[in-house]
>>> print(open('input_21.cif').read())   # mmCIF, C-alpha atoms (C1' of nucleotides); chains and numbers go by the auth columns
data_run
#
loop_
_atom_site.group_PDB
_atom_site.id
_atom_site.type_symbol
_atom_site.label_atom_id
_atom_site.label_comp_id
_atom_site.label_asym_id
_atom_site.label_seq_id
_atom_site.Cartn_x
_atom_site.Cartn_y
_atom_site.Cartn_z
_atom_site.B_iso_or_equiv
_atom_site.auth_seq_id
_atom_site.auth_asym_id
ATOM 1 C CA MET A 1 8.741 14.326 -9.245 0.00 13 H
ATOM 2 C CA ASP A 2 11.528 12.521 -7.505 0.00 14 H
ATOM 3 C CA ARG A 3 11.045 11.406 -3.992 0.00 15 H
ATOM 4 C CA ALA A 4 13.859 13.691 -2.909 0.00 16 H
ATOM 5 C CA ALA A 5 12.205 16.732 -4.398 0.00 17 H
ATOM 6 C CA ARG A 6 8.749 15.891 -3.070 0.00 18 H
ATOM 7 C CA THR A 7 9.660 15.170 0.497 0.00 19 H
ATOM 8 C CA PRO A 8 10.491 18.027 2.871 0.00 20 H
ATOM 9 C CA GLY A 9 14.011 16.712 2.998 0.00 21 H
ATOM 10 C CA PHE A 10 17.432 18.174 2.551 0.00 22 H
ATOM 11 C CA PHE A 11 17.429 18.050 -1.238 0.00 23 H
ATOM 12 C CA ALA A 12 14.179 19.951 -1.526 0.00 24 H
ATOM 13 C CA ARG A 13 15.480 22.679 0.730 0.00 25 H
ATOM 14 C CA VAL A 14 18.690 22.940 -1.246 0.00 26 H
ATOM 15 C CA TYR A 15 16.725 23.271 -4.478 0.00 27 H
ATOM 16 C CA ALA A 16 14.514 25.928 -2.897 0.00 28 H
ATOM 17 C CA VAL A 17 17.492 28.031 -1.851 0.00 29 H
ATOM 18 C CA VAL A 18 19.271 27.612 -5.169 0.00 30 H
ATOM 19 C CA GLY A 19 16.070 28.532 -6.952 0.00 31 H
ATOM 20 C CA ALA A 20 16.030 31.799 -5.036 0.00 32 H
ATOM 21 C CA ILE A 21 19.396 32.928 -6.382 0.00 33 H
ATOM 22 C CA PRO A 22 18.704 35.958 -8.615 0.00 34 H
ATOM 23 C CA ARG A 23 19.585 35.780 -12.276 0.00 35 H
ATOM 24 C CA GLY A 24 23.038 37.196 -12.960 0.00 36 H
ATOM 25 C CA ARG A 25 24.265 36.363 -9.486 0.00 37 H
ATOM 26 C CA VAL A 26 25.974 33.377 -7.930 0.00 38 H
ATOM 27 C CA ALA A 27 26.195 31.783 -4.509 0.00 39 H
ATOM 28 C CA THR A 28 28.822 29.427 -3.149 0.00 40 H
ATOM 29 C CA TYR A 29 28.070 25.936 -1.845 0.00 41 H
ATOM 30 C CA GLY A 30 29.068 27.164 1.572 0.00 42 H
ATOM 31 C CA GLN A 31 26.655 30.075 1.357 0.00 43 H
ATOM 32 C CA VAL A 32 23.781 27.814 0.390 0.00 44 H
ATOM 33 C CA ALA A 33 24.646 25.491 3.239 0.00 45 H
ATOM 34 C CA ARG A 34 24.712 28.398 5.655 0.00 46 H
ATOM 35 C CA LEU A 35 21.293 29.543 4.492 0.00 47 H
ATOM 36 C CA LEU A 36 20.078 26.047 5.283 0.00 48 H
ATOM 37 C CA GLY A 37 21.471 26.271 8.777 0.00 49 H
ATOM 38 C CA LEU A 38 24.478 24.050 8.107 0.00 50 H
ATOM 39 C CA PRO A 39 27.607 26.236 8.299 0.00 51 H
ATOM 40 C CA ARG A 40 29.774 23.267 7.417 0.00 52 H
ATOM 41 C CA GLY A 41 27.459 21.501 5.022 0.00 53 H
ATOM 42 C CA ALA A 42 28.851 22.757 1.747 0.00 54 H
ATOM 43 C CA ARG A 43 29.745 19.254 0.772 0.00 55 H
ATOM 44 C CA ALA A 44 26.224 18.048 1.412 0.00 56 H
ATOM 45 C CA VAL A 45 24.916 20.782 -0.889 0.00 57 H
ATOM 46 C CA GLY A 46 27.225 19.490 -3.573 0.00 58 H
ATOM 47 C CA TRP A 47 25.765 16.051 -3.033 0.00 59 H
ATOM 48 C CA ALA A 48 22.252 17.398 -3.533 0.00 60 H
ATOM 49 C CA LEU A 49 23.091 19.178 -6.776 0.00 61 H
ATOM 50 C CA ARG A 50 24.927 16.157 -8.037 0.00 62 H
ATOM 51 C CA ALA A 51 21.725 14.189 -7.523 0.00 63 H
ATOM 52 C CA LEU A 52 19.826 16.395 -9.986 0.00 64 H
ATOM 53 C CA ASP A 53 18.441 14.419 -12.886 0.00 65 H
ATOM 54 C CA ASP A 54 17.821 15.949 -16.308 0.00 66 H
ATOM 55 C CA ARG A 55 14.213 16.770 -15.570 0.00 67 H
ATOM 56 C CA THR A 56 14.705 18.273 -12.131 0.00 68 H
ATOM 57 C CA ALA A 57 17.708 20.253 -13.354 0.00 69 H
ATOM 58 C CA ARG A 58 15.396 22.116 -15.673 0.00 70 H
ATOM 59 C CA ARG A 59 13.725 23.866 -12.760 0.00 71 H
ATOM 60 C CA VAL A 60 16.819 24.436 -10.606 0.00 72 H
ATOM 61 C CA PRO A 61 19.394 27.100 -11.624 0.00 73 H
ATOM 62 C CA TRP A 62 22.285 24.910 -10.480 0.00 74 H
ATOM 63 C CA HIS A 63 24.705 26.878 -12.649 0.00 75 H
ATOM 64 C CA ARG A 64 24.455 29.779 -10.183 0.00 76 H
ATOM 65 C CA VAL A 65 26.205 27.749 -7.519 0.00 77 H
ATOM 66 C CA VAL A 66 29.981 27.882 -7.546 0.00 78 H
ATOM 67 C CA GLY A 67 32.811 26.903 -5.274 0.00 79 H
ATOM 68 C CA ALA A 68 34.536 29.195 -2.793 0.00 80 H
ATOM 69 C CA GLY A 69 36.168 32.121 -4.520 0.00 81 H
ATOM 70 C CA GLY A 70 34.037 31.686 -7.611 0.00 82 H
ATOM 71 C CA ARG A 71 35.629 28.464 -8.707 0.00 83 H
ATOM 72 C CA ILE A 72 33.701 26.211 -11.089 0.00 84 H
ATOM 73 C CA ALA A 73 33.385 23.051 -9.057 0.00 85 H
ATOM 74 C CA LEU A 74 32.365 20.640 -11.808 0.00 86 H
ATOM 75 C CA ARG A 75 35.432 18.766 -12.945 0.00 87 H
ATOM 76 C CA SER A 76 34.634 16.857 -16.077 0.00 88 H
ATOM 77 C CA GLY A 77 32.034 16.243 -18.723 0.00 89 H
ATOM 78 C CA PRO A 78 29.791 18.913 -20.296 0.00 90 H
ATOM 79 C CA GLY A 79 28.988 20.384 -16.903 0.00 91 H
ATOM 80 C CA PRO A 80 31.828 22.894 -16.513 0.00 92 H
ATOM 81 C CA VAL A 81 31.408 24.258 -20.013 0.00 93 H
ATOM 82 C CA LEU A 82 27.628 24.438 -19.754 0.00 94 H
ATOM 83 C CA GLN A 83 27.769 26.234 -16.417 0.00 95 H
ATOM 84 C CA ARG A 84 30.191 28.818 -17.642 0.00 96 H
ATOM 85 C CA LYS A 85 28.172 29.304 -20.781 0.00 97 H
ATOM 86 C CA ARG A 86 24.929 29.820 -18.869 0.00 98 H
ATOM 87 C CA LEU A 87 26.522 32.245 -16.432 0.00 99 H
ATOM 88 C CA ALA A 88 28.082 34.228 -19.245 0.00 100 H
ATOM 89 C CA ALA A 89 24.648 34.391 -20.873 0.00 101 H
ATOM 90 C CA GLU A 90 23.351 36.066 -17.720 0.00 102 H
ATOM 91 C CA GLY A 91 26.090 38.637 -17.860 0.00 103 H
ATOM 92 C CA VAL A 92 28.229 37.095 -15.170 0.00 104 H
ATOM 93 C CA ARG A 93 31.847 38.121 -15.525 0.00 105 H
ATOM 94 C CA PHE A 94 34.808 35.834 -15.136 0.00 106 H
ATOM 95 C CA ARG A 95 38.297 36.531 -13.944 0.00 107 H
ATOM 96 C CA GLY A 96 40.231 33.813 -15.669 0.00 108 H
ATOM 97 C CA THR A 97 38.730 30.482 -14.692 0.00 109 H
ATOM 98 C CA HIS A 98 36.825 31.934 -11.742 0.00 110 H
ATOM 99 C CA VAL A 99 33.570 33.833 -11.505 0.00 111 H
ATOM 100 C CA ASP A 100 34.027 37.413 -10.390 0.00 112 H
ATOM 101 C CA ILE A 101 32.490 36.642 -7.019 0.00 113 H
ATOM 102 C CA ALA A 102 33.121 40.150 -5.714 0.00 114 H
ATOM 103 C CA ARG A 103 30.859 41.508 -8.429 0.00 115 H
ATOM 104 C CA HIS A 104 28.247 38.764 -8.740 0.00 116 H
ATOM 105 C CA GLY A 105 28.249 37.225 -5.292 0.00 117 H
ATOM 106 C CA LEU A 106 24.880 36.812 -3.613 0.00 118 H
ATOM 107 C CA THR A 107 25.662 39.342 -0.925 0.00 119 H
ATOM 108 C CA SER A 108 27.772 41.565 -3.117 0.00 120 H
ATOM 109 C "C1'" DC B 1 24.917 0.366 11.970 0.00 15 T
ATOM 110 C "C1'" DG B 2 29.783 0.931 9.804 0.00 16 T
ATOM 111 C "C1'" DT B 3 31.984 2.358 5.445 0.00 17 T
ATOM 112 C "C1'" DA B 4 32.266 4.822 1.214 0.00 18 T
ATOM 113 C "C1'" DT B 5 31.295 8.821 -1.735 0.00 19 T
ATOM 114 C "C1'" DG B 6 31.402 13.708 -3.430 0.00 20 T
ATOM 115 C "C1'" DA B 7 29.517 19.660 -8.057 0.00 21 T
ATOM 116 C "C1'" DC B 8 33.034 21.632 -0.563 0.00 22 T
ATOM 117 C "C1'" DG B 9 36.239 24.505 2.210 0.00 23 T
ATOM 118 C "C1'" DA B 10 40.061 26.055 4.967 0.00 24 T
ATOM 119 C "C1'" DG B 11 44.956 25.301 5.809 0.00 25 T
ATOM 120 C "C1'" DC B 12 49.527 24.149 4.305 0.00 26 T
ATOM 121 C "C1'" DC B 13 53.305 23.455 1.444 0.00 27 T
ATOM 122 C "C1'" DA C 1 48.786 29.576 -8.429 0.00 26 Q
ATOM 123 C "C1'" DG C 2 48.193 24.655 -7.958 0.00 27 Q
ATOM 124 C "C1'" DG C 3 47.898 20.513 -5.411 0.00 28 Q
ATOM 125 C "C1'" DC C 4 47.139 17.757 -0.897 0.00 29 Q
ATOM 126 C "C1'" DT C 5 45.219 16.588 3.550 0.00 30 Q
ATOM 127 C "C1'" DC C 6 41.675 16.660 6.692 0.00 31 Q
ATOM 128 C "C1'" DG C 7 37.209 17.812 8.644 0.00 32 Q
ATOM 129 C "C1'" DC C 8 32.075 18.131 7.707 0.00 33 Q
ATOM 130 C "C1'" DC C 9 27.498 16.459 6.129 0.00 34 Q
ATOM 131 C "C1'" DA C 10 23.713 13.933 3.934 0.00 35 Q
ATOM 132 C "C1'" DT C 11 23.218 9.718 1.308 0.00 36 Q
ATOM 133 C "C1'" DA C 12 24.061 5.163 -0.667 0.00 37 Q
ATOM 134 C "C1'" DC C 13 25.151 0.382 0.271 0.00 38 Q
#
>>> encode(input="input_21.cif", output="structure tokens")
Amino acid sequence: MDRAARTPGFFARVYAVVGAIPRGRVATYGQVARLLGLPRGARAVGWALRALDDRTARRVPWHRVVGAGGRIALRSGPGPVLQRKRLAAEGVRFRGTHVDIARHGLTS
DNA sequence: CGTATGACGAGCC
DNA sequence: AGGCTCGCCATAC
């Protein structure tokens, strides 16, 4: 286990919240941050997910976290495609390039 | 301890 | 709609 995931630090809490997102639904970085008690910590959440290594990523449903409005935040590499693919596999609908947040949002 | 870095977000243009 | 700027936050150096 990585140090970040073992210690009761920020990363671990982010992973715990993300892990609680139900299958077929998505949450925004801002929402996750809010659940952690950091209304303006969306960016920090992004930092935590970015720090996921291949092994840790296997136990954290990072693909269920999207940007405000359902935007796929990943910009390059296999990430964006993989995320969209995984979400689609869970039945998540898209409206163009964005996730249909109104239909699959955490609180929706 | 100051500066840099992002998988962010809201405002503006 | 698409692109920029600026503010926020936890880390990395």
>>> residues_near_point(input="input_21.cif", point="(20.2, 31.4, 4.4)", cutoff="12 Å", atoms="only C-alpha atoms (C1' of nucleotides)", output="list in words")
Arg25, Val26, Ala28, Val29, Val30, Ala32, Ile33, Ala39, Thr40, Tyr41, Gly42, Gln43, Val44, Ala45, Arg46, Leu47, Leu48, Gly49, Leu50, Pro51, Leu118 and Thr119 of chain H
>>> resolve_selection(input="input_21.cif", expression="the PyMOL selection byres ((chain H) within 6 of (chain T))", output="PDB file with C-alpha atoms, in the frame of the given file")
ATOM      1  CA  ALA H  54      28.851  22.757   1.747  1.00  0.00           C
ATOM      2  CA  ARG H  55      29.745  19.254   0.772  1.00  0.00           C
ATOM      3  CA  GLY H  58      27.225  19.490  -3.573  1.00  0.00           C
ATOM      4  CA  ARG H  62      24.927  16.157  -8.037  1.00  0.00           C
ATOM      5  CA  ALA H  85      33.385  23.051  -9.057  1.00  0.00           C
ATOM      6  CA  LEU H  86      32.365  20.640 -11.808  1.00  0.00           C
TER       7      LEU H  86
END
>>> resolve_selection(input="input_21.cif", expression="the PyMOL selection byres ((chain Q) within 7 of (chain H))", output="PDB file with C-alpha atoms (C1' of nucleotides), in the frame of the given file")
ATOM      1  C1'  DC Q  33      32.075  18.131   7.707  1.00  0.00           C
ATOM      2  C1'  DC Q  34      27.498  16.459   6.129  1.00  0.00           C
ATOM      3  C1'  DA Q  35      23.713  13.933   3.934  1.00  0.00           C
TER       4       DA Q  35
END
>>> resolve_selection(input="input_21.cif", expression="the PyMOL selection byres ((chain H and resi 74-79) around 7)", output="MDAnalysis selection string")
chainID H and resid 30 37:41 61 72:73 80:85 95 98:99
>>> write_last_selection(input="input_21.cif", atoms="C-alpha atoms", output="PDB file, keeping the file's coordinate frame")
ATOM      1  CA  VAL H  30      19.271  27.612  -5.169  1.00  0.00           C
ATOM      2  CA  ARG H  37      24.265  36.363  -9.486  1.00  0.00           C
ATOM      3  CA  VAL H  38      25.974  33.377  -7.930  1.00  0.00           C
ATOM      4  CA  ALA H  39      26.195  31.783  -4.509  1.00  0.00           C
ATOM      5  CA  THR H  40      28.822  29.427  -3.149  1.00  0.00           C
ATOM      6  CA  TYR H  41      28.070  25.936  -1.845  1.00  0.00           C
ATOM      7  CA  LEU H  61      23.091  19.178  -6.776  1.00  0.00           C
ATOM      8  CA  VAL H  72      16.819  24.436 -10.606  1.00  0.00           C
ATOM      9  CA  PRO H  73      19.394  27.100 -11.624  1.00  0.00           C
ATOM     10  CA  ALA H  80      34.536  29.195  -2.793  1.00  0.00           C
ATOM     11  CA  GLY H  81      36.168  32.121  -4.520  1.00  0.00           C
ATOM     12  CA  GLY H  82      34.037  31.686  -7.611  1.00  0.00           C
ATOM     13  CA  ARG H  83      35.629  28.464  -8.707  1.00  0.00           C
ATOM     14  CA  ILE H  84      33.701  26.211 -11.089  1.00  0.00           C
ATOM     15  CA  ALA H  85      33.385  23.051  -9.057  1.00  0.00           C
ATOM     16  CA  GLN H  95      27.769  26.234 -16.417  1.00  0.00           C
ATOM     17  CA  ARG H  98      24.929  29.820 -18.869  1.00  0.00           C
ATOM     18  CA  LEU H  99      26.522  32.245 -16.432  1.00  0.00           C
TER      19      LEU H  99
END
>>> atom_distance(input="input_21.cif", atom1="CA of Gly36 (chain H)", atom2="CA of Gly91 (chain H)")
18.3 Å
>>> atom_distance(input="input_21.cif", atom1="CA of His110 (chain H)", atom2="CA of Lys97 (chain H)")
12.8 Å
>>> atom_distance(input="input_21.cif", atom1="CA of Leu64 (chain H)", atom2="C1' of DC38 (chain Q)")
19.7 Å
>>> build_atoms(input="input_21.cif", residues="region 66-85 of chain H", atoms="N, CA, C and O atoms", output="short mmCIF file (atom, residue, chain, number, x, y, z; two decimals), in the coordinates of the input")
data_model
loop_
_atom_site.label_atom_id
_atom_site.label_comp_id
_atom_site.auth_asym_id
_atom_site.auth_seq_id
_atom_site.Cartn_x
_atom_site.Cartn_y
_atom_site.Cartn_z
N ASP H 66 18.09 15.03 -15.20
CA ASP H 66 17.82 15.95 -16.31
C ASP H 66 16.54 16.74 -16.15
O ASP H 66 16.50 17.93 -16.43
N ARG H 67 15.50 16.08 -15.69
CA ARG H 67 14.21 16.77 -15.57
C ARG H 67 14.20 17.78 -14.44
O ARG H 67 13.78 18.93 -14.62
N THR H 68 14.68 17.37 -13.28
CA THR H 68 14.70 18.27 -12.13
C THR H 68 15.64 19.46 -12.39
O THR H 68 15.37 20.58 -11.98
N ALA H 69 16.73 19.20 -13.08
CA ALA H 69 17.71 20.25 -13.35
C ALA H 69 17.10 21.40 -14.15
O ALA H 69 17.60 22.52 -14.10
N ARG H 70 16.02 21.07 -14.87
CA ARG H 70 15.40 22.12 -15.67
C ARG H 70 14.73 23.18 -14.83
O ARG H 70 14.49 24.30 -15.29
N ARG H 71 14.39 22.86 -13.60
CA ARG H 71 13.72 23.87 -12.76
C ARG H 71 14.60 24.35 -11.60
O ARG H 71 14.13 25.01 -10.70
N VAL H 72 15.89 23.98 -11.65
CA VAL H 72 16.82 24.44 -10.61
C VAL H 72 18.04 25.08 -11.27
O VAL H 72 18.75 24.43 -12.02
N PRO H 73 18.26 26.37 -11.03
CA PRO H 73 19.39 27.10 -11.62
C PRO H 73 20.72 26.71 -10.98
O PRO H 73 21.42 27.54 -10.39
N TRP H 74 21.07 25.44 -11.09
CA TRP H 74 22.28 24.91 -10.48
C TRP H 74 23.56 25.61 -10.93
O TRP H 74 24.57 25.62 -10.24
N HIS H 75 23.50 26.21 -12.13
CA HIS H 75 24.70 26.88 -12.65
C HIS H 75 25.08 28.11 -11.85
O HIS H 75 26.17 28.65 -12.01
N ARG H 76 24.15 28.58 -10.98
CA ARG H 76 24.46 29.78 -10.18
C ARG H 76 25.15 29.42 -8.88
O ARG H 76 25.37 30.28 -8.04
N VAL H 77 25.50 28.16 -8.74
CA VAL H 77 26.20 27.75 -7.52
C VAL H 77 27.64 27.40 -7.89
O VAL H 77 27.89 26.55 -8.75
N VAL H 78 28.57 28.10 -7.26
CA VAL H 78 29.98 27.88 -7.55
C VAL H 78 30.75 27.60 -6.26
O VAL H 78 30.22 27.73 -5.17
N GLY H 79 32.00 27.22 -6.44
CA GLY H 79 32.81 26.90 -5.27
C GLY H 79 33.33 28.18 -4.64
O GLY H 79 33.15 29.26 -5.18
N ALA H 80 33.98 28.04 -3.49
CA ALA H 80 34.54 29.20 -2.79
C ALA H 80 35.45 29.98 -3.72
O ALA H 80 36.24 29.41 -4.47
N GLY H 81 35.31 31.30 -3.69
CA GLY H 81 36.17 32.12 -4.52
C GLY H 81 35.72 32.21 -5.96
O GLY H 81 36.39 32.79 -6.80
N GLY H 82 34.55 31.63 -6.25
CA GLY H 82 34.04 31.69 -7.61
C GLY H 82 34.53 30.58 -8.52
O GLY H 82 34.39 30.64 -9.73
N ARG H 83 35.10 29.57 -7.91
CA ARG H 83 35.63 28.46 -8.71
C ARG H 83 34.51 27.57 -9.26
O ARG H 83 33.53 27.30 -8.60
N ILE H 84 34.67 27.13 -10.49
CA ILE H 84 33.70 26.21 -11.09
C ILE H 84 34.03 24.85 -10.52
O ILE H 84 35.11 24.31 -10.78
N ALA H 85 33.12 24.32 -9.74
CA ALA H 85 33.38 23.05 -9.06
C ALA H 85 33.32 21.81 -9.92
O ALA H 85 34.02 20.83 -9.66
#
